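**Student:** The structure under discussion is supplied below as structure tokens; questions concerning it will follow.
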Amino acid sequence: MSRRIPLNVVDDGSDSYYVSERKVYPRDVSGRFNRLRVAAVIWLLGMYYSFPWLTWQGRQAVLLDLPARKFHVFGWMFLPQDFLFLALLLIIAALALFFFTALAGRLFCGYACPQTVWTEVSLWIERWCEGDRNKRIKLDAGGWTREKILRKSARHTLWIVFSLWTGFTFVGYFSPIGELARRTPFAWGGWEAFWILFYAFATWGNAGFLRQQVCKYMCPYARFQSAMFDRNTLLIAYDPMRGEPRGPRKRGLQSVLERARGLLDTVTAYDYVFRASQHPSAADNRAQAGGTITLAALGEEAKPLPRFTLDELGDCIDCTICVQVCPVGIDIRNGLQYECIACGACIDACDEVMGKVGYPKGLIRYTTQNQIDGKPARVLRIRILIYGVLLFALMGGWLYGVTHRSPLMAEVLRDRNAMYSEAANGDIQNAYTLKLVNKAQQAHRFAIDVRSTDVADIRLGGGSKAVLAQSGEVLSIPLTVTASSETAGRHEVTFHVRDLDADASVDVKSSFFGPLP
């Protein structure tokens, strides 16, 4: 059994599930989608960093107090008994993701995803410390000079400060942030320090280094988005019928929309796109676009593109700026790719270039695949209407349930050790435990009584009770219910709990037992 078993390597590792990613240097861009993205970043991060510092009715506006099992969200307080609202909120979030993805693609990824938002801020810091795209490429390619050390140190210092602030704010949602800030780091609890450092490290690593790799390898959304897309989904796309064949030209050549050439047919246009992707130009090689290209069957070969006359060229001047501004480093001209996060940077870049050369904007635009192919498109379709109706119905139900929920919760547990007992005067007695939860933000007084439709003289031992419950407190109140000695068999009773400080009450049904007749 000591004979060696020969092994033949049949896989060279080229199809690995993970490959080392080259660094992407996104170029700065301006335009309407960039302004929208910046506004979303400011709005979302503004809420994230400010909410823990807001005060509402004398307490932290948003505080998820896990040890006390109380979750304060502005004027609302949620308890573990309100788990239904959390479950419904998660369902609403999932349905909203389906709705907006089917309607307009990966809007969440491009504008609201935490990875996108924090990566955008890290890119701002990187540009501020090291310059725009070409300067950063040159800086990384050069040796370690004094300038490079200072710029890199400044960038990482700001990243670390920003990440620690992010981790501190995250813990501030679970521990009172004012008290957390007054204590020195050495006075923080072990779990507080751990989560601040862990969340800071995750922010520093994900936003500063991993970036597009989180979207490509870790996030499942990019993988199953194709199940939610169809040919009528709005997406960011390049118009190959207008843009191909691409190539540089002198200023003065009119757009194909104004020339006799017109638009190409679909088959020819996509053939040019495929061949250009397989035989990139010098400009394409300099841009070093990544991404997954699925334009032809496996193993299909493409012939190089011939040289075209100026009159044969499309509107794409092959400047590759759409590639340079892409935060994930893909070439949108190669078609829809799962790496695309629909941020719209390529639209802004292309519109700016089209304006400079005097061509109509929209070579890269939000459109549908049917519109690109010259077919009728229906953005508002049955699928979208069903998603929308369900989404708004669930949102309305959730808001109604939260705003109309009772500030108290009561449950009666009957003593099962004894069916009944007899008092010294012969009265029949049953023992109960009333579980009372005050779901209000302030302490409330509650009155407790009992009634029955078929036992006239039923009453609480010692008369009606009044109790005080603090905010979020769960009271266990022992109760004794008494009826006359003539009471026999089973009878339905109702415990009436009334909030003396609010217009709210609740009735809890139970059973009263006497001797069997």
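Identifiers in this document derive from the order of the structure tokens: chains are assigned A, B, ..., residues are numbered from 1 separately in each chain, and ligands are numbered from 1 in order of occurrence.
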For Thr453 (chain A), work out the shell of residues within 12 Å, counting only C-alpha atoms and skipping chain neighbours fewer than 4 positions away, then give it as a short mmCIF file (atom, residue, chain, number, x, y, z; two decimals) with all heavy atoms, in the first residue's frame.
**Tutor:**
```cif
data_model
loop_
_atom_site.label_atom_id
_atom_site.label_comp_id
_atom_site.auth_asym_id
_atom_site.auth_seq_id
_atom_site.Cartn_x
_atom_site.Cartn_y
_atom_site.Cartn_z
N ASP A 457 -72.67 37.91 41.42
CA ASP A 457 -71.94 38.46 42.56
C ASP A 457 -70.43 38.19 42.50
O ASP A 457 -69.76 38.21 43.53
CB ASP A 457 -72.50 37.90 43.87
CG ASP A 457 -72.38 36.37 43.91
OD1 ASP A 457 -72.13 35.76 42.84
OD2 ASP A 457 -72.53 35.80 45.00
N ILE A 458 -69.90 37.95 41.30
CA ILE A 458 -68.46 37.70 41.19
C ILE A 458 -67.69 38.99 41.44
O ILE A 458 -68.13 40.09 41.08
CB ILE A 458 -68.12 37.09 39.81
CG1 ILE A 458 -66.75 36.42 39.85
CG2 ILE A 458 -68.19 38.14 38.71
CD1 ILE A 458 -66.48 35.51 38.68
N HIS A 491 -67.73 28.76 34.52
CA HIS A 491 -68.33 30.02 34.09
C HIS A 491 -67.25 30.89 33.45
O HIS A 491 -66.10 30.88 33.87
CB HIS A 491 -68.96 30.77 35.27
CG HIS A 491 -70.01 29.98 35.97
ND1 HIS A 491 -71.34 30.00 35.62
CD2 HIS A 491 -69.92 29.13 37.04
CE1 HIS A 491 -72.02 29.21 36.42
NE2 HIS A 491 -71.17 28.66 37.30
N GLU A 492 -67.67 31.62 32.43
CA GLU A 492 -66.73 32.52 31.76
C GLU A 492 -66.67 33.84 32.51
O GLU A 492 -67.72 34.42 32.86
CB GLU A 492 -67.15 32.76 30.31
CG GLU A 492 -66.14 33.59 29.51
CD GLU A 492 -66.52 33.73 28.05
OE1 GLU A 492 -66.22 32.81 27.27
OE2 GLU A 492 -67.12 34.77 27.72
N VAL A 493 -65.43 34.33 32.75
CA VAL A 493 -65.24 35.62 33.41
C VAL A 493 -64.35 36.48 32.53
O VAL A 493 -63.58 35.97 31.71
CB VAL A 493 -64.61 35.45 34.81
CG1 VAL A 493 -65.55 34.72 35.75
CG2 VAL A 493 -63.26 34.74 34.72
N THR A 494 -64.47 37.78 32.71
CA THR A 494 -63.67 38.74 31.93
C THR A 494 -62.96 39.68 32.88
O THR A 494 -63.59 40.33 33.72
CB THR A 494 -64.56 39.55 30.98
OG1 THR A 494 -65.24 38.65 30.09
CG2 THR A 494 -63.73 40.53 30.17
N LYS A 509 -60.32 37.23 28.72
CA LYS A 509 -61.27 36.20 29.14
C LYS A 509 -60.55 35.05 29.82
O LYS A 509 -59.43 34.70 29.47
CB LYS A 509 -62.08 35.70 27.94
CG LYS A 509 -62.96 36.76 27.30
CD LYS A 509 -63.82 36.19 26.19
CE LYS A 509 -64.69 37.26 25.54
NZ LYS A 509 -65.62 37.87 26.52
N PHE A 512 -63.93 30.51 35.40
CA PHE A 512 -64.09 30.39 36.85
C PHE A 512 -64.77 29.06 37.13
O PHE A 512 -65.78 28.73 36.52
CB PHE A 512 -64.94 31.55 37.39
CG PHE A 512 -65.10 31.56 38.88
CD1 PHE A 512 -64.19 32.21 39.70
CD2 PHE A 512 -66.16 30.87 39.47
CE1 PHE A 512 -64.33 32.19 41.07
CE2 PHE A 512 -66.31 30.85 40.85
CZ PHE A 512 -65.39 31.50 41.65
#
```
**Student:** Find the spatial neighbours of Arg223 (chain A), counting only C-alpha atoms, within a cut-off of 12 Å - ignore same-chain residues fewer than 2 positions away - and output them as a PDB file with N, CA, C and O atoms, in the first residue's frame.
**Tutor:**
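Saved the output as result.pdb:
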```pdb
ATOM      1  N   ARG A 106     -30.966  48.050 -10.179  1.00  0.00           N
ATOM      2  CA  ARG A 106     -30.301  48.047  -8.874  1.00  0.00           C
ATOM      3  C   ARG A 106     -30.190  49.456  -8.284  1.00  0.00           C
ATOM      4  O   ARG A 106     -29.105  49.955  -7.979  1.00  0.00           O
ATOM      5  N   CYS A 215     -19.340  43.547  -3.376  1.00  0.00           N
ATOM      6  CA  CYS A 215     -20.497  43.391  -4.259  1.00  0.00           C
ATOM      7  C   CYS A 215     -20.366  42.137  -5.122  1.00  0.00           C
ATOM      8  O   CYS A 215     -21.355  41.448  -5.387  1.00  0.00           O
ATOM      9  N   LYS A 216     -19.159  41.841  -5.547  1.00  0.00           N
ATOM     10  CA  LYS A 216     -18.962  40.752  -6.514  1.00  0.00           C
ATOM     11  C   LYS A 216     -18.961  39.384  -5.860  1.00  0.00           C
ATOM     12  O   LYS A 216     -19.533  38.426  -6.402  1.00  0.00           O
ATOM     13  N   TYR A 217     -18.361  39.264  -4.670  1.00  0.00           N
ATOM     14  CA  TYR A 217     -18.170  37.942  -4.077  1.00  0.00           C
ATOM     15  C   TYR A 217     -19.002  37.704  -2.816  1.00  0.00           C
ATOM     16  O   TYR A 217     -19.271  36.551  -2.480  1.00  0.00           O
ATOM     17  N   MET A 218     -19.372  38.756  -2.097  1.00  0.00           N
ATOM     18  CA  MET A 218     -20.036  38.570  -0.804  1.00  0.00           C
ATOM     19  C   MET A 218     -21.542  38.820  -0.838  1.00  0.00           C
ATOM     20  O   MET A 218     -22.287  38.176  -0.114  1.00  0.00           O
ATOM     21  N   CYS A 219     -21.960  39.782  -1.639  1.00  0.00           N
ATOM     22  CA  CYS A 219     -23.378  40.159  -1.644  1.00  0.00           C
ATOM     23  C   CYS A 219     -24.167  39.247  -2.574  1.00  0.00           C
ATOM     24  O   CYS A 219     -23.827  39.123  -3.754  1.00  0.00           O
ATOM     25  N   PRO A 220     -25.235  38.608  -2.076  1.00  0.00           N
ATOM     26  CA  PRO A 220     -26.024  37.723  -2.947  1.00  0.00           C
ATOM     27  C   PRO A 220     -26.913  38.475  -3.924  1.00  0.00           C
ATOM     28  O   PRO A 220     -27.392  37.891  -4.896  1.00  0.00           O
ATOM     29  N   TYR A 221     -27.144  39.760  -3.664  1.00  0.00           N
ATOM     30  CA  TYR A 221     -28.080  40.513  -4.498  1.00  0.00           C
ATOM     31  C   TYR A 221     -27.636  40.535  -5.956  1.00  0.00           C
ATOM     32  O   TYR A 221     -28.457  40.405  -6.873  1.00  0.00           O
ATOM     33  N   GLN A 225     -30.143  39.028  -8.965  1.00  0.00           N
ATOM     34  CA  GLN A 225     -30.862  40.135  -9.578  1.00  0.00           C
ATOM     35  C   GLN A 225     -31.446  39.739 -10.930  1.00  0.00           C
ATOM     36  O   GLN A 225     -32.491  40.254 -11.337  1.00  0.00           O
ATOM     37  N   SER A 226     -30.785  38.830 -11.648  1.00  0.00           N
ATOM     38  CA  SER A 226     -31.281  38.447 -12.969  1.00  0.00           C
ATOM     39  C   SER A 226     -32.653  37.801 -12.892  1.00  0.00           C
ATOM     40  O   SER A 226     -33.425  37.849 -13.854  1.00  0.00           O
ATOM     41  N   ALA A 227     -32.971  37.198 -11.741  1.00  0.00           N
ATOM     42  CA  ALA A 227     -34.302  36.601 -11.585  1.00  0.00           C
ATOM     43  C   ALA A 227     -35.385  37.664 -11.469  1.00  0.00           C
ATOM     44  O   ALA A 227     -36.565  37.367 -11.653  1.00  0.00           O
ATOM     45  N   MET A 228     -35.006  38.909 -11.143  1.00  0.00           N
ATOM     46  CA  MET A 228     -35.983  39.985 -10.989  1.00  0.00           C
ATOM     47  C   MET A 228     -35.986  40.934 -12.179  1.00  0.00           C
ATOM     48  O   MET A 228     -36.806  41.836 -12.249  1.00  0.00           O
ATOM     49  N   PHE A 229     -35.055  40.766 -13.118  1.00  0.00           N
ATOM     50  CA  PHE A 229     -35.001  41.600 -14.320  1.00  0.00           C
ATOM     51  C   PHE A 229     -35.836  40.964 -15.424  1.00  0.00           C
ATOM     52  O   PHE A 229     -35.996  39.739 -15.492  1.00  0.00           O
ATOM     53  N   GLN A 337     -23.961  43.629 -16.951  1.00  0.00           N
ATOM     54  CA  GLN A 337     -23.073  42.736 -16.205  1.00  0.00           C
ATOM     55  C   GLN A 337     -23.455  42.781 -14.734  1.00  0.00           C
ATOM     56  O   GLN A 337     -23.859  43.834 -14.233  1.00  0.00           O
ATOM     57  N   TYR A 338     -23.305  41.646 -14.058  1.00  0.00           N
ATOM     58  CA  TYR A 338     -23.791  41.606 -12.685  1.00  0.00           C
ATOM     59  C   TYR A 338     -22.968  42.474 -11.749  1.00  0.00           C
ATOM     60  O   TYR A 338     -23.386  42.787 -10.647  1.00  0.00           O
ATOM     61  N   GLU A 339     -21.776  42.918 -12.180  1.00  0.00           N
ATOM     62  CA  GLU A 339     -20.996  43.827 -11.346  1.00  0.00           C
ATOM     63  C   GLU A 339     -21.577  45.241 -11.320  1.00  0.00           C
ATOM     64  O   GLU A 339     -21.301  46.017 -10.401  1.00  0.00           O
ATOM     65  N   CYS A 340     -22.362  45.607 -12.311  1.00  0.00           N
ATOM     66  CA  CYS A 340     -22.889  46.970 -12.416  1.00  0.00           C
ATOM     67  C   CYS A 340     -23.822  47.260 -11.252  1.00  0.00           C
ATOM     68  O   CYS A 340     -24.758  46.501 -10.983  1.00  0.00           O
ATOM     69  N   ILE A 341     -23.582  48.373 -10.550  1.00  0.00           N
ATOM     70  CA  ILE A 341     -24.425  48.747  -9.407  1.00  0.00           C
ATOM     71  C   ILE A 341     -25.392  49.871  -9.766  1.00  0.00           C
ATOM     72  O   ILE A 341     -26.062  50.416  -8.881  1.00  0.00           O
TER      73      ILE A 341
END
```
**Student:** Apply DSSP to the structure's backbone, then extract all residues of region 3-104 of chain A labelled helix (DSSP H, G or I) and return them as a PyMOL selection string.
**Tutor:** chain A and resi 32-53+80-104
**Student:** Which residue, A:Phe186, A:Tyr173, A:Tyr400, A:Tyr25, has the smallest gap to Gly131 (chain A) when you use only C-alpha atoms?
**Tutor:**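 Once distances to Gly131 (chain A) are computed over only C-alpha atoms, the minimum belongs to A:Tyr25.
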**Student:** Identify which of the residues A:Tyr272, A:Trp398, A:Tyr387, A:Tyr432 lies closest to Leu86 (chain A), counting only C-alpha atoms when measuring atom-to-atom distances.
**Tutor:**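 Smallest separation from Leu86 (chain A) among the options: A:Trp398.
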**Student:** I need the strand (DSSP E or B) residues of region 424-482 of chain A per DSSP on the backbone, written as a ChimeraX atom specification.
**Tutor:** /A:428-438,444-451,459-460,465-469,474-482
**Student:** Quick one: contact table of region 168-249 of chain A to region 138-159 of chain A, 9 Å max, nearest atom pair and distance in Å to one decimal per residue, counting only C-alpha atoms, chain and number order, as CSV?
**Tutor:**
```
residue,atom,partner,partner_atom,distance
A:Thr203,CA,A:Trp159,CA,8.9
A:Trp204,CA,A:Trp159,CA,6.4
A:Gly208,CA,A:Trp159,CA,7.5
```
**Student:** Calculate how many Å separate CA of Trp191 (chain A) from CA of Val437 (chain A), rounding to one decimal.
**Tutor:**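 Atom-to-atom, CA of Trp191 (chain A) to CA of Val437 (chain A), that is 29.4 Å.
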**Student:** Hey, could you make a per-residue contact list for region 187-301 of chain A against region 372-379 of chain A with 12 Å as the cut-off, showing the nearest pair of atoms and its distance in Å to one decimal, counting only C-alpha atoms, sorted by chain and number, as CSV?
**Tutor:**
```
residue,atom,partner,partner_atom,distance
A:Phe229,CA,A:Val379,CA,11.7
A:Asp230,CA,A:Val379,CA,10.3
A:Arg231,CA,A:Ala377,CA,8.0
A:Asn232,CA,A:Val379,CA,5.7
A:Thr233,CA,A:Val379,CA,6.6
A:Leu234,CA,A:Val379,CA,7.3
A:Leu235,CA,A:Ile372,CA,10.6
A:Ile236,CA,A:Ile372,CA,10.7
A:Ala237,CA,A:Ile372,CA,8.1
A:Tyr238,CA,A:Ile372,CA,8.3
A:Asp239,CA,A:Ile372,CA,6.2
A:Pro240,CA,A:Ile372,CA,8.3
A:Met241,CA,A:Ile372,CA,8.0
A:Arg242,CA,A:Ile372,CA,9.7
A:Gly243,CA,A:Ile372,CA,11.6
A:Leu263,CA,A:Gly374,CA,10.5
A:Leu264,CA,A:Asp373,CA,10.6
A:Asp265,CA,A:Asp373,CA,8.8
A:Thr266,CA,A:Asp373,CA,6.4
A:Val267,CA,A:Asp373,CA,9.8
A:Thr268,CA,A:Asp373,CA,11.9
A:Ala269,CA,A:Asp373,CA,10.2
A:Tyr270,CA,A:Asp373,CA,10.3
```
**Student:** What lies within 9 Å of Met419 (chain A) using only C-alpha atoms, ignoring chain neighbours under 2 positions off, as a PDB file with all heavy atoms, in the first residue's frame?
**Tutor:**
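Writing done, so here's around-v1.pdb:
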```pdb
ATOM      1  N   ASP A 415     -54.494  29.598  38.058  1.00  0.00           N
ATOM      2  CA  ASP A 415     -53.770  28.638  38.895  1.00  0.00           C
ATOM      3  C   ASP A 415     -54.326  27.245  38.639  1.00  0.00           C
ATOM      4  O   ASP A 415     -55.496  26.961  38.928  1.00  0.00           O
ATOM      5  CB  ASP A 415     -53.932  29.014  40.372  1.00  0.00           C
ATOM      6  CG  ASP A 415     -53.090  28.110  41.278  1.00  0.00           C
ATOM      7  OD1 ASP A 415     -52.345  27.268  40.748  1.00  0.00           O
ATOM      8  OD2 ASP A 415     -53.193  28.261  42.513  1.00  0.00           O
ATOM      9  N   ARG A 416     -53.478  26.396  38.071  1.00  0.00           N
ATOM     10  CA  ARG A 416     -53.931  25.053  37.716  1.00  0.00           C
ATOM     11  C   ARG A 416     -53.687  24.031  38.832  1.00  0.00           C
ATOM     12  O   ARG A 416     -54.014  22.857  38.676  1.00  0.00           O
ATOM     13  CB  ARG A 416     -53.237  24.596  36.431  1.00  0.00           C
ATOM     14  CG  ARG A 416     -53.545  25.516  35.250  1.00  0.00           C
ATOM     15  CD  ARG A 416     -52.941  25.007  33.970  1.00  0.00           C
ATOM     16  NE  ARG A 416     -53.210  25.905  32.856  1.00  0.00           N
ATOM     17  CZ  ARG A 416     -54.323  25.873  32.126  1.00  0.00           C
ATOM     18  NH1 ARG A 416     -55.265  24.988  32.407  1.00  0.00           N
ATOM     19  NH2 ARG A 416     -54.501  26.730  31.128  1.00  0.00           N
ATOM     20  N   ASN A 417     -53.089  24.443  39.925  1.00  0.00           N
ATOM     21  CA  ASN A 417     -52.859  23.498  41.030  1.00  0.00           C
ATOM     22  C   ASN A 417     -54.146  23.122  41.744  1.00  0.00           C
ATOM     23  O   ASN A 417     -54.288  22.008  42.263  1.00  0.00           O
ATOM     24  CB  ASN A 417     -51.869  24.099  42.035  1.00  0.00           C
ATOM     25  CG  ASN A 417     -50.474  24.246  41.426  1.00  0.00           C
ATOM     26  OD1 ASN A 417     -50.055  23.405  40.637  1.00  0.00           O
ATOM     27  ND2 ASN A 417     -49.787  25.321  41.776  1.00  0.00           N
ATOM     28  N   SER A 421     -61.100  26.865  45.577  1.00  0.00           N
ATOM     29  CA  SER A 421     -60.956  26.719  47.022  1.00  0.00           C
ATOM     30  C   SER A 421     -62.162  27.376  47.693  1.00  0.00           C
ATOM     31  O   SER A 421     -62.867  28.200  47.073  1.00  0.00           O
ATOM     32  CB  SER A 421     -59.649  27.358  47.514  1.00  0.00           C
ATOM     33  OG  SER A 421     -59.637  28.750  47.230  1.00  0.00           O
ATOM     34  N   ASN A 430     -61.182  31.361  43.160  1.00  0.00           N
ATOM     35  CA  ASN A 430     -60.211  30.919  42.143  1.00  0.00           C
ATOM     36  C   ASN A 430     -59.026  31.869  42.157  1.00  0.00           C
ATOM     37  O   ASN A 430     -59.195  33.086  42.348  1.00  0.00           O
ATOM     38  CB  ASN A 430     -60.820  30.922  40.746  1.00  0.00           C
ATOM     39  CG  ASN A 430     -61.731  29.708  40.489  1.00  0.00           C
ATOM     40  OD1 ASN A 430     -62.032  29.395  39.363  1.00  0.00           O
ATOM     41  ND2 ASN A 430     -62.198  29.049  41.536  1.00  0.00           N
ATOM     42  N   ALA A 431     -57.825  31.320  41.956  1.00  0.00           N
ATOM     43  CA  ALA A 431     -56.604  32.142  41.971  1.00  0.00           C
ATOM     44  C   ALA A 431     -56.089  32.324  40.546  1.00  0.00           C
ATOM     45  O   ALA A 431     -56.096  31.390  39.730  1.00  0.00           O
ATOM     46  CB  ALA A 431     -55.531  31.484  42.824  1.00  0.00           C
ATOM     47  N   PHE A 512     -63.927  30.514  35.397  1.00  0.00           N
ATOM     48  CA  PHE A 512     -64.086  30.395  36.850  1.00  0.00           C
ATOM     49  C   PHE A 512     -64.767  29.061  37.132  1.00  0.00           C
ATOM     50  O   PHE A 512     -65.778  28.726  36.517  1.00  0.00           O
ATOM     51  CB  PHE A 512     -64.935  31.554  37.393  1.00  0.00           C
ATOM     52  CG  PHE A 512     -65.097  31.556  38.877  1.00  0.00           C
ATOM     53  CD1 PHE A 512     -64.186  32.207  39.697  1.00  0.00           C
ATOM     54  CD2 PHE A 512     -66.163  30.865  39.475  1.00  0.00           C
ATOM     55  CE1 PHE A 512     -64.326  32.195  41.073  1.00  0.00           C
ATOM     56  CE2 PHE A 512     -66.308  30.846  40.848  1.00  0.00           C
ATOM     57  CZ  PHE A 512     -65.387  31.500  41.650  1.00  0.00           C
ATOM     58  N   PHE A 513     -64.197  28.307  38.070  1.00  0.00           N
ATOM     59  CA  PHE A 513     -64.724  26.977  38.373  1.00  0.00           C
ATOM     60  C   PHE A 513     -65.251  26.934  39.802  1.00  0.00           C
ATOM     61  O   PHE A 513     -64.664  27.499  40.731  1.00  0.00           O
ATOM     62  CB  PHE A 513     -63.630  25.920  38.214  1.00  0.00           C
ATOM     63  CG  PHE A 513     -63.275  25.650  36.778  1.00  0.00           C
ATOM     64  CD1 PHE A 513     -62.238  26.340  36.166  1.00  0.00           C
ATOM     65  CD2 PHE A 513     -63.975  24.720  36.035  1.00  0.00           C
ATOM     66  CE1 PHE A 513     -61.899  26.102  34.845  1.00  0.00           C
ATOM     67  CE2 PHE A 513     -63.647  24.466  34.721  1.00  0.00           C
ATOM     68  CZ  PHE A 513     -62.604  25.159  34.113  1.00  0.00           C
ATOM     69  N   GLY A 514     -66.385  26.239  39.929  1.00  0.00           N
ATOM     70  CA  GLY A 514     -66.927  25.919  41.237  1.00  0.00           C
ATOM     71  C   GLY A 514     -67.113  24.418  41.358  1.00  0.00           C
ATOM     72  O   GLY A 514     -66.728  23.657  40.454  1.00  0.00           O
ATOM     73  N   PRO A 515     -67.701  23.959  42.439  1.00  0.00           N
ATOM     74  CA  PRO A 515     -67.939  22.515  42.590  1.00  0.00           C
ATOM     75  C   PRO A 515     -68.820  21.983  41.465  1.00  0.00           C
ATOM     76  O   PRO A 515     -69.679  22.695  40.930  1.00  0.00           O
ATOM     77  CB  PRO A 515     -68.637  22.410  43.953  1.00  0.00           C
ATOM     78  CG  PRO A 515     -68.307  23.671  44.663  1.00  0.00           C
ATOM     79  CD  PRO A 515     -68.165  24.723  43.612  1.00  0.00           C
TER      80      PRO A 515
END
```
**Student:** Report as a ChimeraX atom specification all protein, DNA and RNA residues lying within 9 Å of Ile428 (chain A), evaluated on only C-alpha atoms, omitting residues in the same chain fewer than 4 positions from it.
**Tutor:** /A:420-423,481-488,513-515
**Student:** Which residue gives the smallest distance to Val474 (chain A) among A:His496, A:Arg69, A:Arg414, A:Arg259, with only C-alpha atoms counted?
**Tutor:**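 Of all the options, A:Arg69 lies closest to Val474 (chain A).
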**Student:** Tell me which protein, DNA and RNA residues are within 12 Å of Asp82 (chain A), counting only C-alpha atoms, leaving out same-chain ones fewer than 4 positions away, and put them as an mmCIF file with N, CA and C atoms, in the first residue's frame.
**Tutor:**
```cif
data_model
loop_
_atom_site.group_PDB
_atom_site.id
_atom_site.type_symbol
_atom_site.label_atom_id
_atom_site.label_comp_id
_atom_site.auth_asym_id
_atom_site.auth_seq_id
_atom_site.Cartn_x
_atom_site.Cartn_y
_atom_site.Cartn_z
ATOM 1 N N ARG A 69 -34.376 45.066 27.078
ATOM 2 C CA ARG A 69 -35.334 44.585 26.073
ATOM 3 C C ARG A 69 -36.380 45.649 25.755
ATOM 4 N N LYS A 70 -35.894 46.889 25.601
ATOM 5 C CA LYS A 70 -36.741 48.008 25.217
ATOM 6 C C LYS A 70 -36.092 48.692 24.019
ATOM 7 N N PHE A 71 -36.885 48.962 23.005
ATOM 8 C CA PHE A 71 -36.365 49.541 21.776
ATOM 9 C C PHE A 71 -37.118 50.837 21.505
ATOM 10 N N TRP A 76 -42.009 56.061 19.859
ATOM 11 C CA TRP A 76 -42.507 54.696 20.015
ATOM 12 C C TRP A 76 -41.540 53.879 20.861
ATOM 13 N N MET A 77 -42.100 52.963 21.623
ATOM 14 C CA MET A 77 -41.281 51.991 22.339
ATOM 15 C C MET A 77 -41.758 50.599 21.961
ATOM 16 N N PHE A 78 -40.839 49.778 21.503
ATOM 17 C CA PHE A 78 -41.170 48.415 21.114
ATOM 18 C C PHE A 78 -40.568 47.446 22.127
ATOM 19 N N LEU A 86 -41.533 43.908 13.624
ATOM 20 C CA LEU A 86 -40.216 43.741 13.017
ATOM 21 C C LEU A 86 -40.288 42.765 11.851
ATOM 22 N N ALA A 87 -40.999 41.660 12.042
ATOM 23 C CA ALA A 87 -41.129 40.684 10.957
ATOM 24 C C ALA A 87 -41.822 41.307 9.751
ATOM 25 N N LEU A 88 -42.870 42.085 10.006
ATOM 26 C CA LEU A 88 -43.583 42.731 8.907
ATOM 27 C C LEU A 88 -42.708 43.776 8.227
ATOM 28 N N LEU A 89 -41.885 44.473 9.005
ATOM 29 C CA LEU A 89 -40.986 45.475 8.429
ATOM 30 C C LEU A 89 -39.947 44.823 7.516
ATOM 31 N N TRP A 398 -48.788 48.284 8.368
ATOM 32 C CA TRP A 398 -47.766 48.426 9.412
ATOM 33 C C TRP A 398 -47.921 49.746 10.155
ATOM 34 N N GLY A 401 -51.023 49.635 12.346
ATOM 35 C CA GLY A 401 -50.814 48.806 13.526
ATOM 36 C C GLY A 401 -49.929 49.480 14.572
ATOM 37 N N VAL A 402 -48.880 50.178 14.122
ATOM 38 C CA VAL A 402 -47.982 50.836 15.068
ATOM 39 C C VAL A 402 -48.664 52.016 15.742
ATOM 40 N N ARG A 405 -51.764 50.719 18.131
ATOM 41 C CA ARG A 405 -51.576 49.645 19.097
ATOM 42 C C ARG A 405 -51.862 50.145 20.510
ATOM 43 N N SER A 406 -52.337 49.256 21.321
ATOM 44 C CA SER A 406 -52.703 49.613 22.693
ATOM 45 C C SER A 406 -51.441 49.845 23.520
ATOM 46 N N PRO A 407 -51.471 50.841 24.434
ATOM 47 C CA PRO A 407 -50.293 51.070 25.278
ATOM 48 C C PRO A 407 -50.144 50.044 26.388
ATOM 49 N N LEU A 408 -51.053 49.091 26.443
ATOM 50 C CA LEU A 408 -50.950 48.063 27.480
ATOM 51 C C LEU A 408 -51.196 46.695 26.869
ATOM 52 N N MET A 409 -50.660 45.701 27.540
ATOM 53 C CA MET A 409 -50.860 44.316 27.145
ATOM 54 C C MET A 409 -51.122 43.507 28.414
ATOM 55 N N VAL A 437 -48.303 44.526 30.979
ATOM 56 C CA VAL A 437 -47.158 45.177 30.347
ATOM 57 C C VAL A 437 -47.539 46.608 30.000
ATOM 58 N N LYS A 439 -46.677 49.482 27.769
ATOM 59 C CA LYS A 439 -45.927 49.723 26.536
ATOM 60 C C LYS A 439 -45.769 51.211 26.230
ATOM 61 N N GLY A 472 -42.420 50.207 30.123
ATOM 62 C CA GLY A 472 -41.854 48.931 29.713
ATOM 63 C C GLY A 472 -41.858 47.863 30.788
#
```
**Student:** For region 42-51 of chain A, find every residue with an atom within 7 Å (counting only C-alpha atoms), except residues of its own chain fewer than 5 positions away, and show them as a list in words.
**Tutor:**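 Near region 42-51 of chain A, the qualifying residues are Ala61, Val62 and Thr169 of chain A.
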**Student:** CA of Gly335 (chain A) and CA of Trp124 (chain A) are how many Å apart?
**Tutor:**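 Distance between the two atoms: 28.1 Å.
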**Student:** Could you tell me which of A:Asp28, A:Glu258, A:Asp318, A:Asp311 comes closest to Arg286 (chain A) if we count only C-alpha atoms?
**Tutor:** A:Asp318
**Student:** Quick one: of A:Ser510, A:Gln212, A:Thr101, A:Asn425, who's nearest to Pro26 (chain A), counting only C-alpha atoms?
**Tutor:**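 Nearest candidate to Pro26 (chain A) out of A:Ser510, A:Gln212, A:Thr101, A:Asn425: A:Gln212.
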**Student:** For Arg333 (chain A), work out the shell of residues within 10 Å, counting only C-alpha atoms and skipping chain neighbours fewer than 5 positions away, then give it as a CSV table (one decimal) with C-alpha atoms, in the first residue's frame.
**Tutor:**
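That gives us result-v7.csv:
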```
chain,number,residue,atom,x,y,z
A,237,ALA,CA,-27.4,50.5,-21.1
A,238,TYR,CA,-25.3,51.6,-24.0
A,239,ASP,CA,-27.0,52.0,-27.4
A,240,PRO,CA,-24.8,49.9,-29.8
A,243,GLY,CA,-22.6,54.0,-31.0
A,244,GLU,CA,-21.0,51.3,-33.1
A,273,VAL,CA,-19.6,45.1,-29.6
A,274,PHE,CA,-18.5,41.5,-29.2
A,276,ALA,CA,-14.5,45.0,-29.8
A,277,SER,CA,-14.6,43.3,-26.4
A,316,CYS,CA,-19.0,56.4,-29.5
A,320,THR,CA,-13.2,55.1,-22.4
A,322,CYS,CA,-17.3,55.7,-19.1
A,323,VAL,CA,-14.9,53.0,-17.9
A,346,CYS,CA,-21.2,56.4,-16.9
A,363,LEU,CA,-25.7,57.2,-25.9
A,364,ILE,CA,-25.6,55.6,-22.4
```
